[in-house]
Amino acid sequence: MERCQQRLLLVMPPQLGLLSGFAAGLLSLANFVRACMPEVRTDILDLSAHSLDAAKQQLVRSVGSHQVQRLFVGITTTTASYQSALQMAQLVRDMVPRAIIVLGGHHASADPEIVLRSHPDIVDVIVIGEGEHPLRELLRHYPSLESVFGIAYLDDNSHFTRTGASKPLTQDELDSIPITYGDKGLIGTPGKFDHATYVSARGCPLRCAFCAVGNDDIRAKSIPAVIRNIETLLGMGFSRIAIEDNFFAHSPSRTREICEALSDIRHRWHDAFAWDCQTRVESLARRDTIELMAKAGCEAVYIGVESVHPKQLIYLNKTANPREYLETLTEVVAPALLNTSIRCYLNLQFGLPGEAEDHERATCAVLAALGRLAVSRGKHITVFPQLHVVYPGTTHFKQGVAQRCFPEDVFEAFTRWEFSQTPVLYWLGEHFAHGTGGIPVGILKPHVLKSGNFEGDVDDVVDTNAVFRISAALREIDRIQGVHTFGYGDYIVANTNSAKATAICKAGARTPSKKGAVR
Ligand code: B12
């Protein structure tokens with residue numbers, strides 16, 4: 001057994017039923033701590049592709065293999081993986097009662113008081129938002145928590161305490177953090193849809209009502225650092241890179257610089273790679289942006305359209321002017337995108353509250369018009385369906401609580417119920433992938449949602465008519481000429497023990513989407 005003073009174990013919990021891909025945030029945290037505090041033994045444990053049982057065995061092995069004076073276990077959370085994160089936390093607590101268990105990531109960060117109050121025995125500290133500085137300070141100052149910025153905890157009197165905001169990383173700091181971890185490379189599945197994830201900028205200044213990220217300055221790596229990072233990925237043999245900045249092309253000057261840098265790299269590497277990115281309709285409308293991206297080897301762009309229905313666009317806070325937004329969308333898709341080699345991917349949400357058949361007709365009409373334009377150029381458009389969900393901390397969450405649509409602690413009961421419904425998770429994952437994990441308000445029975453009591457079978461909780469309606473809409477979209485819906489099935493973490501076929505899956509079954517969209 002190895003001995004050391006302090007050990008930090010960063011854990012990605014099981015992600016069954018969700019898109020496979022390792023959390024780059026953990027690589028960043030591990031690298032940052034290792035650089036500032038080499039005396040701390042820092043390890044990453046990727047349990048993302050494990051079943052719960054296998055994950056527990058692996059965790060037991062990892063926690064038990066070292067004797068340390070102080071063990072910190074940091075577990076990353078999204079809303080979708082919150083329950084499996086809690087399971088990992090419970091196991092650590094059982095094995096090493098004195099371990100300091102820290103949760104971070106989008107779920108715990110956005111709901112710290114409820115999480116701490118609901119799990120005081122297994123969660124000691126929550127790191128809120130960007131984790132590098134708070135985690136380093138926590139390791140330095142523990143047990144003196146009040147001197148650590150960017151965290152929340154329950155004090156000795158069980159009072160919820162949230163310390164002041166931590167300073168964000170500077171550009172130099174962002175640049176200095178490697179994207180691989182020592183000789184372990186990227187760890188696990190490097191990204192979604194056979195791509196390697198790369199994040200060149202953090203934050204998003206916008207305030208979309210549904211999004212878990214926003215109202216935050218964009219902080220970008222310098223161009224030389226981006227070049228270094230991309231070349232690291234190429235050196236490791238990756239040829240398809242997904243630039244997962246929240247909002248690529250947010251500024252014209254940055255877009256130009258980054259596209260020029262990517263063009264240069266492609267030139268040096270003999271066009272050995274292609275990349276894709278996600279952005280907004282509006283940023284693609286700027287003159288020459290699409291052309292710059294095409295020249296730089298962009299193979300596809302995911303446009304966060306979200307809806308084509310004016311009322312829903314307002315509800316989502318995507319735009320104050322839906323008509324202009326939809327006109328811009330059409331101009332961006334055709335002629336601009338369809339005249340280049342960049343594939344056009346549209347992210348669209350389904351199952352919004354108040355959605356009815358007329359919404360779906362409107363969606364089909366817009367897609368049919370875009371599809372015709374695609375066909376006339378020998379192309380197609382791919383729709384990435386996303387189920388509308390509410391995440392903690394969002395405007396929709398605050399509105400829902402204020403309007404008493406659901407209780408403030410709704411995520412506790414809902415995620416617990418969802419976690420026990422493996423087939424539901426699979427159905428959601430296969431059909432919608434991005435978008436699950438939060439509360440799918442548009443397909444739940446309103447009285448159940450309002451009560452916050454999610455018990456019983458799928459039929460007791462889910463409004464199956466809404467599921468039928470959405471499934472029918474997706475089938476309808478698949479029939480539109482020039483438009484495909486994307487099937488996530490091959491890209492989600494599978495549980496070989498689970499029987500996928502259940503009532504709801506059958507109810508929601510539709511012809512498998514035309515695949516190959518990302519190939
Ligand atoms: C890249 C990406 C992915 C990748 C990688 C996943 C990952 N877990 O990182 C892939 C494609 C695999 C993916 C999948 C999913 N994703 Co995703 N993804 C992103 C994206 C675009 C960027 C994440 C990123 O790398 N950021 C840069 C790093 C440095 O930041 P970070 O991850 O936030 O980590 C920092 C802090 O959060 C914190 N932190 C995080 N964990 C921990 C743990 C500890 C102990 C501490 C101290 C701190 C800490 O410190 C980190 C460093 O500063 C975000 C949007 C966004 N901007 O965050 C969505 C986002 C995280 N994804 C989201 C969702 C819903 C999913 C899926 C559930 C979709 C699905 N149904 O399958 C799955 C989850 C499965 C999975 N494998 O994780 C939501 C989560 C919302 C929520 N409340 O849960 C986000 C926020 C998108 C959104 N706007 O709504 N995703």
# chains A, B, ... in the order shown; residues from 1 in each chain; ligands from 1
>>> residues_near_ligand(ligand="ligand 1", cutoff="7 Å", atoms="only C-alpha atoms and all ligand atoms", output="ChimeraX atom specification")
/A:10,15,18-26,28-29,48,74-80,102-107,127,129-132,135,191-192,197,199,202-203,211-213,244-246,391-392,429,432-438,492
>>> residues_around(residues="Ala55 of chain A", least_positions_apart="6", cutoff="12 Å", atoms="only C-alpha atoms", output="VMD selection string")
chain A and resid 11 to 16 45 to 49 61 to 63 84 to 85 87 to 89 91 to 92
>>> write_last_selection(atoms="all heavy atoms", output="short mmCIF file (atom, residue, chain, number, x, y, z; two decimals), in the first residue's frame")
data_model
loop_
_atom_site.label_atom_id
_atom_site.label_comp_id
_atom_site.auth_asym_id
_atom_site.auth_seq_id
_atom_site.Cartn_x
_atom_site.Cartn_y
_atom_site.Cartn_z
N VAL A 11 -13.74 11.82 -9.43
CA VAL A 11 -14.52 10.71 -9.95
C VAL A 11 -15.58 11.18 -10.95
O VAL A 11 -16.34 12.12 -10.68
CB VAL A 11 -15.25 9.99 -8.78
CG1 VAL A 11 -16.07 8.82 -9.29
CG2 VAL A 11 -14.24 9.54 -7.72
N MET A 12 -15.62 10.51 -12.10
CA MET A 12 -16.77 10.68 -13.00
C MET A 12 -17.68 9.49 -12.76
O MET A 12 -17.32 8.35 -13.02
CB MET A 12 -16.33 10.73 -14.45
CG MET A 12 -17.54 10.90 -15.37
SD MET A 12 -17.10 11.65 -16.91
CE MET A 12 -18.69 12.02 -17.61
N PRO A 13 -18.89 9.72 -12.22
CA PRO A 13 -19.74 8.59 -11.87
C PRO A 13 -20.36 7.95 -13.11
O PRO A 13 -20.27 8.50 -14.21
CB PRO A 13 -20.83 9.25 -11.00
CG PRO A 13 -20.88 10.66 -11.45
CD PRO A 13 -19.50 11.01 -11.93
N PRO A 14 -21.01 6.78 -12.95
CA PRO A 14 -21.63 6.11 -14.10
C PRO A 14 -22.62 7.01 -14.84
O PRO A 14 -23.35 7.78 -14.22
CB PRO A 14 -22.36 4.92 -13.46
CG PRO A 14 -21.61 4.66 -12.20
CD PRO A 14 -21.14 6.00 -11.72
N GLN A 15 -22.63 6.86 -16.15
CA GLN A 15 -23.47 7.73 -17.00
C GLN A 15 -24.41 6.88 -17.85
O GLN A 15 -24.71 7.23 -18.99
CB GLN A 15 -22.58 8.56 -17.95
CG GLN A 15 -21.48 9.36 -17.29
CD GLN A 15 -21.99 10.58 -16.55
OE1 GLN A 15 -22.93 11.22 -16.99
NE2 GLN A 15 -21.39 10.89 -15.41
N LEU A 16 -24.88 5.78 -17.29
CA LEU A 16 -25.71 4.87 -18.10
C LEU A 16 -26.90 5.58 -18.72
O LEU A 16 -27.59 6.35 -18.06
CB LEU A 16 -26.17 3.70 -17.24
CG LEU A 16 -25.05 2.80 -16.75
CD1 LEU A 16 -25.59 1.66 -15.91
CD2 LEU A 16 -24.22 2.27 -17.90
N LEU A 45 -10.68 8.96 -11.64
CA LEU A 45 -11.31 7.65 -11.77
C LEU A 45 -12.52 7.80 -12.70
O LEU A 45 -13.51 8.44 -12.35
CB LEU A 45 -11.74 7.15 -10.39
CG LEU A 45 -12.29 5.73 -10.32
CD1 LEU A 45 -11.27 4.71 -10.81
CD2 LEU A 45 -12.69 5.40 -8.88
N ASP A 46 -12.41 7.19 -13.88
CA ASP A 46 -13.49 7.29 -14.87
C ASP A 46 -14.41 6.08 -14.74
O ASP A 46 -14.07 4.99 -15.17
CB ASP A 46 -12.87 7.34 -16.27
CG ASP A 46 -13.96 7.33 -17.35
OD1 ASP A 46 -15.13 7.63 -17.03
OD2 ASP A 46 -13.63 7.02 -18.51
N LEU A 47 -15.57 6.31 -14.13
CA LEU A 47 -16.53 5.21 -13.98
C LEU A 47 -17.70 5.39 -14.93
O LEU A 47 -18.74 4.77 -14.80
CB LEU A 47 -17.04 5.18 -12.52
CG LEU A 47 -15.96 5.04 -11.45
CD1 LEU A 47 -16.56 5.14 -10.05
CD2 LEU A 47 -15.23 3.71 -11.61
N SER A 48 -17.51 6.29 -15.89
CA SER A 48 -18.65 6.72 -16.72
C SER A 48 -19.30 5.58 -17.49
O SER A 48 -20.50 5.56 -17.69
CB SER A 48 -18.24 7.84 -17.66
OG SER A 48 -17.24 7.41 -18.54
N ALA A 49 -18.49 4.61 -17.93
CA ALA A 49 -19.07 3.55 -18.76
C ALA A 49 -19.39 2.30 -17.95
O ALA A 49 -19.75 1.27 -18.50
CB ALA A 49 -18.10 3.20 -19.89
N ARG A 61 -11.73 -0.53 -4.99
CA ARG A 61 -10.32 -0.82 -5.27
C ARG A 61 -9.50 0.46 -5.21
O ARG A 61 -8.43 0.51 -4.61
CB ARG A 61 -10.17 -1.43 -6.67
CG ARG A 61 -10.27 -2.95 -6.65
CD ARG A 61 -9.66 -3.56 -7.91
NE ARG A 61 -10.44 -3.25 -9.10
CZ ARG A 61 -11.52 -3.94 -9.47
NH1 ARG A 61 -11.91 -4.97 -8.77
NH2 ARG A 61 -12.18 -3.61 -10.56
N SER A 62 -10.02 1.51 -5.81
CA SER A 62 -9.24 2.74 -5.91
C SER A 62 -9.08 3.43 -4.55
O SER A 62 -8.00 3.88 -4.19
CB SER A 62 -9.92 3.68 -6.89
OG SER A 62 -9.13 4.78 -7.11
N VAL A 63 -10.16 3.48 -3.79
CA VAL A 63 -10.09 4.15 -2.49
C VAL A 63 -9.24 3.35 -1.52
O VAL A 63 -8.47 3.90 -0.73
CB VAL A 63 -11.52 4.36 -1.90
CG1 VAL A 63 -11.47 4.78 -0.45
CG2 VAL A 63 -12.26 5.40 -2.72
N SER A 84 -26.29 8.90 -9.55
CA SER A 84 -25.17 7.96 -9.51
C SER A 84 -24.00 8.58 -8.77
O SER A 84 -23.22 7.89 -8.11
CB SER A 84 -24.80 7.41 -10.89
OG SER A 84 -24.26 8.37 -11.70
N ALA A 85 -23.89 9.92 -8.81
CA ALA A 85 -22.86 10.60 -8.02
C ALA A 85 -23.12 10.37 -6.52
O ALA A 85 -22.19 10.09 -5.75
CB ALA A 85 -22.87 12.09 -8.34
N GLN A 87 -24.63 7.87 -5.19
CA GLN A 87 -24.30 6.47 -4.86
C GLN A 87 -22.80 6.31 -4.62
O GLN A 87 -22.38 5.59 -3.71
CB GLN A 87 -24.71 5.56 -6.02
CG GLN A 87 -26.18 5.57 -6.30
CD GLN A 87 -26.88 4.34 -5.74
OE1 GLN A 87 -26.23 3.34 -5.48
NE2 GLN A 87 -28.18 4.42 -5.56
N MET A 88 -22.02 6.99 -5.45
CA MET A 88 -20.56 6.91 -5.27
C MET A 88 -20.16 7.55 -3.95
O MET A 88 -19.32 7.04 -3.22
CB MET A 88 -19.83 7.61 -6.44
CG MET A 88 -20.08 7.00 -7.81
SD MET A 88 -19.60 5.27 -7.94
CE MET A 88 -21.19 4.45 -7.96
N ALA A 89 -20.81 8.67 -3.64
CA ALA A 89 -20.50 9.38 -2.39
C ALA A 89 -20.82 8.49 -1.18
O ALA A 89 -20.03 8.39 -0.23
CB ALA A 89 -21.30 10.67 -2.32
N LEU A 91 -20.88 5.27 -1.01
CA LEU A 91 -19.91 4.18 -0.90
C LEU A 91 -18.61 4.67 -0.26
O LEU A 91 -18.03 4.01 0.61
CB LEU A 91 -19.65 3.61 -2.29
CG LEU A 91 -18.76 2.38 -2.32
CD1 LEU A 91 -19.45 1.20 -1.66
CD2 LEU A 91 -18.41 2.01 -3.75
N VAL A 92 -18.17 5.85 -0.69
CA VAL A 92 -16.92 6.40 -0.12
C VAL A 92 -17.12 6.63 1.38
O VAL A 92 -16.27 6.27 2.20
CB VAL A 92 -16.53 7.73 -0.81
CG1 VAL A 92 -15.36 8.39 -0.09
CG2 VAL A 92 -16.18 7.48 -2.28
#
>>> atom_distance(atom1="atom CA of His359 of chain A", atom2="atom CA of Leu329 of chain A")
17.4 Å
>>> closest_residue(among="A:Leu428, A:Ile179, A:Ile443, A:Ala209", to="Ala225 of chain A", atoms="only C-alpha atoms")
A:Ile179
>>> residues_around(residues="segment 297-311 of chain A", least_positions_apart="4", cutoff="8 Å", atoms="only C-alpha atoms", output="PyMOL selection string")
chain A and resi 262-263+266+271+273-281+293+315+322-323+326+329+341-349+359+362-363+366
>>> closest_residue(among="A:Asn321, A:Val493, A:Glu360, A:Phe32", to="Gly188 of chain A", atoms="only C-alpha atoms")
A:Val493
>>> select_by_dssp(residues="segment 264-408 of chain A", states="strand (DSSP E or B)", output="PyMOL selection string")
chain A and resi 274-279+298-306+343-350+381-387+390
>>> write_last_selection(atoms="C-alpha atoms", output="CSV table (one decimal), in the first residue's frame")
chain,number,residue,atom,x,y,z
A,274,ALA,CA,-12.0,18.3,-39.6
A,275,TRP,CA,-13.9,20.0,-36.8
A,276,ASP,CA,-17.4,21.0,-35.8
A,277,CYS,CA,-18.8,23.5,-33.4
A,278,GLN,CA,-22.1,24.8,-31.9
A,279,THR,CA,-23.3,28.3,-32.3
A,298,CYS,CA,-15.4,23.1,-40.4
A,299,GLU,CA,-17.4,19.9,-41.3
A,300,ALA,CA,-20.6,20.7,-39.5
A,301,VAL,CA,-22.2,23.3,-37.4
A,302,TYR,CA,-24.8,22.7,-34.7
A,303,ILE,CA,-27.2,25.6,-34.7
A,304,GLY,CA,-29.0,26.1,-31.4
A,305,VAL,CA,-32.3,27.0,-33.1
A,306,GLU,CA,-34.3,25.4,-30.3
A,343,ARG,CA,-23.2,20.2,-42.8
A,344,CYS,CA,-26.2,21.9,-41.2
A,345,TYR,CA,-27.3,20.5,-37.9
A,346,LEU,CA,-30.3,22.0,-36.2
A,347,ASN,CA,-30.9,21.6,-32.4
A,348,LEU,CA,-34.6,21.6,-31.8
A,349,GLN,CA,-36.5,21.1,-28.6
A,350,PHE,CA,-39.6,19.1,-28.3
A,381,ILE,CA,-30.4,18.9,-43.0
A,382,THR,CA,-30.0,17.0,-39.8
A,383,VAL,CA,-32.3,17.7,-36.8
A,384,PHE,CA,-30.9,16.8,-33.4
A,385,PRO,CA,-34.1,16.4,-31.3
A,386,GLN,CA,-33.8,17.5,-27.7
A,387,LEU,CA,-36.5,17.0,-25.0
A,390,VAL,CA,-35.8,22.3,-16.7
>>> closest_residue(among="A:Arg469, A:Arg404, A:Arg219, A:Lys295", to="Pro446 of chain A", atoms="only C-alpha atoms")
A:Arg404
